[in-house]
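Printed here is final26.txt (compact mmCIF, C-alpha atoms):
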```
# COMPACT_ATOMS: atom_id res chain seq x y z
CA GLU A 493 -96.50 -72.04 139.52
CA ASP A 494 -93.46 -69.79 139.78
CA GLN A 495 -91.71 -70.21 143.11
CA VAL A 496 -88.56 -69.16 145.01
CA THR A 497 -87.17 -71.03 148.03
CA GLN A 498 -84.17 -69.84 150.01
CA SER A 499 -82.08 -72.01 152.30
CA PRO A 500 -80.98 -72.14 154.99
CA GLU A 501 -83.37 -69.89 156.88
CA ALA A 502 -80.47 -68.78 159.10
CA LEU A 503 -76.72 -69.34 159.01
CA ARG A 504 -74.16 -68.62 161.68
CA LEU A 505 -70.50 -68.51 160.66
CA GLN A 506 -67.23 -67.56 162.27
CA GLU A 507 -65.39 -64.63 160.76
CA GLY A 508 -63.37 -65.93 157.83
CA GLU A 509 -65.46 -69.08 157.39
CA SER A 510 -66.63 -69.19 153.77
CA SER A 511 -70.05 -70.57 152.83
CA SER A 512 -72.90 -70.37 150.34
CA LEU A 513 -76.54 -69.36 150.43
CA ASN A 514 -79.01 -71.10 148.14
CA CYS A 515 -81.95 -69.78 146.11
CA SER A 516 -83.89 -72.55 144.36
CA TYR A 517 -86.54 -71.63 141.85
CA THR A 518 -89.16 -72.97 139.49
CA VAL A 519 -90.26 -70.64 136.76
CA SER A 520 -91.82 -70.90 133.33
CA GLY A 521 -89.30 -68.51 131.83
CA LEU A 522 -86.60 -66.60 133.70
CA ARG A 523 -86.14 -62.97 132.76
CA GLY A 524 -83.79 -62.13 135.61
CA LEU A 525 -82.76 -63.17 139.14
CA PHE A 526 -81.87 -60.58 141.75
CA TRP A 527 -79.94 -60.68 145.01
CA TYR A 528 -80.47 -58.09 147.72
CA ARG A 529 -79.02 -57.48 151.16
CA GLN A 530 -81.24 -56.15 153.97
CA ASP A 531 -79.98 -54.79 157.28
CA PRO A 532 -82.35 -54.67 160.28
CA GLY A 533 -84.80 -51.76 160.09
CA LYS A 534 -83.70 -50.83 156.56
CA GLY A 535 -84.88 -51.42 153.02
CA PRO A 536 -83.27 -54.05 150.78
CA GLU A 537 -80.07 -52.99 149.02
CA PHE A 538 -79.53 -54.23 145.48
CA LEU A 539 -76.49 -56.48 144.94
CA PHE A 540 -76.66 -58.40 141.63
CA THR A 541 -78.80 -59.27 138.64
CA LEU A 542 -78.24 -62.55 136.79
CA TYR A 543 -79.95 -63.26 133.49
CA SER A 544 -78.89 -66.68 132.23
CA ALA A 545 -77.46 -69.99 133.43
CA GLY A 546 -73.69 -69.92 133.75
CA GLU A 547 -73.54 -66.23 134.54
CA GLU A 548 -71.49 -65.10 137.54
CA LYS A 549 -71.07 -61.70 139.22
CA GLU A 550 -68.76 -60.58 142.00
CA LYS A 551 -68.60 -57.74 144.47
CA GLU A 552 -65.97 -57.70 147.20
CA ARG A 553 -66.45 -60.93 149.22
CA LEU A 554 -69.69 -61.89 147.43
CA LYS A 555 -70.08 -63.94 144.28
CA ALA A 556 -73.43 -64.86 142.74
CA THR A 557 -73.87 -67.75 140.33
CA LEU A 558 -76.85 -69.06 138.37
CA THR A 559 -77.93 -72.44 137.03
CA LYS A 560 -81.23 -73.45 135.45
CA LYS A 561 -82.68 -74.42 138.82
CA GLU A 562 -80.87 -72.39 141.47
CA SER A 563 -78.63 -69.51 142.33
CA PHE A 564 -75.90 -69.40 144.93
CA LEU A 565 -74.49 -66.47 146.82
CA HIS A 566 -70.97 -67.43 147.84
CA ILE A 567 -69.41 -65.50 150.71
CA THR A 568 -65.64 -65.73 150.94
CA ALA A 569 -63.85 -64.99 154.23
CA PRO A 570 -66.83 -63.06 155.63
CA LYS A 571 -66.52 -60.26 158.15
CA PRO A 572 -69.01 -59.27 160.89
CA GLU A 573 -70.23 -56.40 158.70
CA ASP A 574 -71.51 -58.97 156.19
CA SER A 575 -74.17 -59.95 158.74
CA ALA A 576 -77.59 -59.24 157.20
CA THR A 577 -80.57 -60.95 155.63
CA TYR A 578 -79.97 -61.85 151.99
CA LEU A 579 -83.00 -61.90 149.70
CA CYS A 580 -83.44 -63.54 146.33
CA ALA A 581 -86.11 -62.51 143.81
CA LEU A 582 -86.88 -63.32 140.21
CA ARG A 583 -88.80 -61.90 137.28
CA SER A 584 -90.81 -64.47 135.36
CA SER A 585 -91.69 -64.14 131.71
CA ASP A 586 -95.32 -64.64 132.81
CA SER A 587 -95.29 -61.48 134.90
CA ASN A 588 -95.44 -57.94 133.63
CA TYR A 589 -94.49 -56.23 136.85
CA GLN A 590 -94.20 -58.55 139.83
CA LEU A 591 -91.04 -59.98 141.29
CA ILE A 592 -91.31 -63.32 143.10
CA TRP A 593 -89.44 -63.07 146.39
CA GLY A 594 -87.89 -65.65 148.68
CA ALA A 595 -88.23 -65.35 152.46
CA GLY A 596 -84.51 -64.68 152.87
CA THR A 597 -81.50 -66.14 154.67
CA LYS A 598 -80.37 -64.44 157.85
CA LEU A 599 -76.57 -64.51 157.96
CA ILE A 600 -74.72 -63.91 161.24
CA ILE A 601 -70.94 -63.61 161.22
CA LYS A 602 -69.34 -63.90 164.64
CA PRO A 603 -65.97 -62.22 165.30
CA GLU B 1300 -81.36 -36.15 149.33
CA THR B 1301 -80.31 -39.14 147.29
CA GLY B 1302 -81.92 -42.47 146.42
CA VAL B 1303 -85.38 -43.25 147.75
CA THR B 1304 -86.64 -41.53 150.89
CA GLN B 1305 -89.66 -42.40 153.01
CA THR B 1306 -91.46 -40.52 155.77
CA PRO B 1307 -92.29 -41.08 158.50
CA ARG B 1308 -89.86 -43.79 159.52
CA HIS B 1309 -92.10 -44.95 162.36
CA LEU B 1310 -95.86 -44.61 162.77
CA VAL B 1311 -98.23 -45.75 165.50
CA MET B 1312 -101.90 -45.35 164.72
CA GLY B 1313 -105.19 -46.43 166.10
CA MET B 1314 -107.67 -48.42 164.10
CA THR B 1315 -109.86 -45.38 163.47
CA ASN B 1316 -107.08 -42.98 162.42
CA LYS B 1317 -106.24 -41.73 158.96
CA LYS B 1318 -102.59 -41.27 158.03
CA SER B 1319 -100.41 -41.14 154.93
CA LEU B 1320 -97.01 -42.53 154.06
CA LYS B 1321 -94.81 -40.56 151.70
CA CYS B 1322 -92.13 -41.76 149.31
CA GLU B 1323 -89.86 -39.70 147.08
CA GLN B 1324 -87.29 -40.99 144.60
CA HIS B 1325 -84.39 -38.84 143.44
CA LEU B 1326 -83.18 -41.28 140.77
CA GLY B 1327 -85.19 -40.22 137.74
CA HIS B 1328 -86.91 -43.61 137.59
CA ASN B 1329 -90.19 -44.29 135.82
CA ALA B 1330 -91.77 -46.95 138.02
CA MET B 1331 -92.60 -46.90 141.72
CA TYR B 1332 -93.84 -49.65 144.02
CA TRP B 1333 -95.36 -50.18 147.47
CA TYR B 1334 -94.47 -53.38 149.32
CA LYS B 1335 -95.51 -54.83 152.68
CA GLN B 1336 -92.90 -56.78 154.64
CA SER B 1337 -94.00 -58.93 157.57
CA ALA B 1338 -91.64 -60.95 159.75
CA LYS B 1339 -90.26 -64.11 158.10
CA LYS B 1340 -92.50 -63.71 155.04
CA PRO B 1341 -91.53 -62.78 151.48
CA LEU B 1342 -92.10 -59.21 150.38
CA GLU B 1343 -95.69 -58.68 149.26
CA LEU B 1344 -96.22 -56.34 146.30
CA MET B 1345 -99.14 -54.00 146.94
CA PHE B 1346 -99.19 -51.43 144.13
CA VAL B 1347 -97.22 -50.58 141.00
CA TYR B 1348 -97.14 -47.26 139.19
CA ASN B 1349 -95.58 -47.24 135.74
CA PHE B 1350 -95.05 -43.77 134.28
CA LYS B 1351 -97.51 -42.42 136.91
CA GLU B 1352 -100.26 -44.86 135.93
CA GLN B 1353 -101.36 -47.55 138.37
CA THR B 1354 -100.78 -50.87 136.67
CA GLU B 1355 -101.08 -53.40 139.46
CA ASN B 1356 -103.19 -53.78 142.56
CA ASN B 1357 -102.51 -57.11 144.18
CA SER B 1358 -105.93 -57.57 145.80
CA VAL B 1359 -105.06 -55.01 148.44
CA PRO B 1360 -107.90 -54.04 150.83
CA SER B 1361 -109.50 -50.69 150.13
CA ARG B 1362 -108.29 -49.35 153.49
CA PHE B 1363 -104.99 -48.82 151.62
CA SER B 1364 -105.20 -46.16 148.93
CA PRO B 1365 -102.20 -45.20 146.76
CA GLU B 1366 -101.59 -41.89 145.03
CA CYS B 1367 -98.89 -40.98 142.52
CA PRO B 1368 -99.05 -37.26 141.64
CA ASN B 1369 -95.85 -37.37 139.55
CA SER B 1370 -93.07 -39.79 138.69
CA SER B 1371 -91.02 -38.81 141.76
CA HIS B 1372 -93.64 -39.01 144.51
CA LEU B 1373 -95.79 -41.80 145.84
CA PHE B 1374 -98.20 -41.82 148.75
CA LEU B 1375 -100.02 -44.56 150.63
CA HIS B 1376 -103.14 -43.33 152.40
CA LEU B 1377 -104.24 -45.42 155.35
CA HIS B 1378 -107.61 -45.53 157.09
CA THR B 1379 -109.41 -47.86 159.49
CA LEU B 1380 -106.52 -50.29 159.57
CA GLN B 1381 -106.45 -53.61 161.38
CA PRO B 1382 -103.76 -54.86 163.81
CA GLU B 1383 -102.62 -57.40 161.17
CA ASP B 1384 -101.63 -54.45 158.98
CA SER B 1385 -98.71 -53.77 161.30
CA ALA B 1386 -95.57 -54.28 159.20
CA LEU B 1387 -92.69 -52.55 157.45
CA TYR B 1388 -93.96 -50.69 154.39
CA LEU B 1389 -91.35 -50.28 151.69
CA CYS B 1390 -91.30 -48.02 148.68
CA ALA B 1391 -89.15 -48.84 145.68
CA SER B 1392 -88.41 -47.45 142.24
CA SER B 1393 -86.89 -48.86 139.07
CA PRO B 1394 -85.52 -47.31 135.88
CA GLY B 1395 -86.96 -47.81 132.46
CA GLY B 1396 -90.48 -48.60 133.56
CA ALA B 1397 -92.02 -51.52 135.45
CA ARG B 1398 -92.21 -53.91 132.47
CA GLY B 1399 -88.47 -54.27 132.08
CA THR B 1400 -86.17 -56.52 134.06
CA TYR B 1401 -84.64 -53.73 136.06
CA GLU B 1402 -83.39 -53.77 139.58
CA GLN B 1403 -85.53 -52.03 142.17
CA TYR B 1404 -84.12 -49.53 144.62
CA PHE B 1405 -85.73 -49.39 148.01
CA GLY B 1406 -86.31 -46.73 150.60
CA PRO B 1407 -85.66 -47.34 154.31
CA GLY B 1408 -89.29 -48.18 155.01
CA THR B 1409 -91.97 -47.03 157.44
CA ARG B 1410 -92.46 -49.25 160.49
CA LEU B 1411 -96.23 -49.17 161.06
CA THR B 1412 -97.87 -50.32 164.27
CA VAL B 1413 -101.67 -50.45 164.45
CA THR B 1414 -103.07 -50.45 167.97
```

Could I get this structure in the form of structure tokens?
Amino acid sequence: EDQVTQSPEALRLQEGESSSLNCSYTVSGLRGLFWYRQDPGKGPEFLFTLYSAGEEKEKERLKATLTKKESFLHITAPKPEDSATYLCALRSSDSNYQLIWGAGTKLIIKP
Amino acid sequence: ETGVTQTPRHLVMGMTNKKSLKCEQHLGHNAMYWYKQSAKKPLELMFVYNFKEQTENNSVPSRFSPECPNSSHLFLHLHTLQPEDSALYLCASSPGGARGTYEQYFGPGTRLTVT
């Protein structure tokens, strides 16, 4: 069964303290893995798509990486405005339309 | 207006009411989606429209009824809801049709409370 697990459930960091969020997955065939950011009371905002192991993408303080079993979202020198819930989702080759979503990691950056 | 818009942003309804949620995408996309988001749970896909045709209905109760009159508009008609239906309802769209591995763009959601 295709599955996505995100850890930790919540993460509190000091401003400037770098860390990583984890998205572990089991899938029959990976067609794409997505990272989103969601602020309270808003819809998810698309960040990255990764397609194959070894691929990396960067945007400002965020860097997403992908292996055959997991993806990491690395946050370098975070600022309070990076506080949000980060969601991971994947498209399986077994699915025509559905994304499989993780429950998210709530990131809090304290000034 | 840009992106994906949803109205209303907040809705309180009784269990016997009938209401509708509206979604409009200004991105020229070919696929639109309804999701339900409950606290601390993964997003639940409810309906998918691909080129205006409904292609997925994830065992959603009949008290939720979708409508897609054209590729830019999507509605979710609600009637005789239950308190457990209280959640954030999100609309999304994606380019190139629902079968491709395309990113989805979300609206701000409608916070629904059923009393």

Checklist entry - For chain B against chain A, which residues fall within 12 Å using all atoms listed in the file, given as a ChimeraX atom specification? => result /B:1302-1305,1308-1309,1330-1349,1353-1357,1386-1393,1396-1411

Checklist entry - How many Å separate atom CA of Ala502 of chain A from atom CA of Glu573 of chain A? => result 16.1 Å

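Atom pair atom CA of Leu1320 of chain B / atom CA of Phe1374 of chain B has a distance of 5.5 Å (rounded to one decimal).
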
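Taking all atoms listed in the file, the non-local environment of Glu509 of chain A within 8 Å (same-chain residues fewer than 2 positions away omitted) comprises Leu505, Gln506, Glu507, Ser511, Thr568, Ala569 and Pro570 of chain A.
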
Take the residues from that selection and put them in a file with C-alpha atoms, as a short mmCIF file (atom, residue, chain, number, x, y, z; two decimals), in the frame of the given file.
```
data_model
loop_
_atom_site.label_atom_id
_atom_site.label_comp_id
_atom_site.auth_asym_id
_atom_site.auth_seq_id
_atom_site.Cartn_x
_atom_site.Cartn_y
_atom_site.Cartn_z
CA LEU A 505 -70.50 -68.51 160.66
CA GLN A 506 -67.23 -67.56 162.27
CA GLU A 507 -65.39 -64.63 160.76
CA SER A 511 -70.05 -70.57 152.83
CA THR A 568 -65.64 -65.73 150.94
CA ALA A 569 -63.85 -64.99 154.23
CA PRO A 570 -66.83 -63.06 155.63
#
```

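Going from atom CA of Leu542 of chain A to atom CA of Cys515 of chain A covers 12.4 Å.
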
Checklist entry - Smallest atom-to-atom distance to Leu503 of chain A: which of A:Asp574, A:Glu548, A:Glu562, A:Asp586, using only C-alpha atoms? => result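 Smallest distance to Leu503 of chain A is found for A:Asp574.
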
Item to check | Long-range neighbours of Pro1368 of chain B as number ranges by chain, 10 Å cut-off, all atoms listed in the file, 5 positions minimum in chain | outcome: B: 1351-1352, 1373-1374

Residue selection dump (C-alpha atoms) as an mmCIF file, keeping the file's coordinate frame:
```cif
data_model
loop_
_atom_site.group_PDB
_atom_site.id
_atom_site.type_symbol
_atom_site.label_atom_id
_atom_site.label_comp_id
_atom_site.auth_asym_id
_atom_site.auth_seq_id
_atom_site.Cartn_x
_atom_site.Cartn_y
_atom_site.Cartn_z
ATOM 1 C CA LYS B 1351 -97.510 -42.420 136.910
ATOM 2 C CA GLU B 1352 -100.260 -44.860 135.930
ATOM 3 C CA LEU B 1373 -95.790 -41.800 145.840
ATOM 4 C CA PHE B 1374 -98.200 -41.820 148.750
#
```
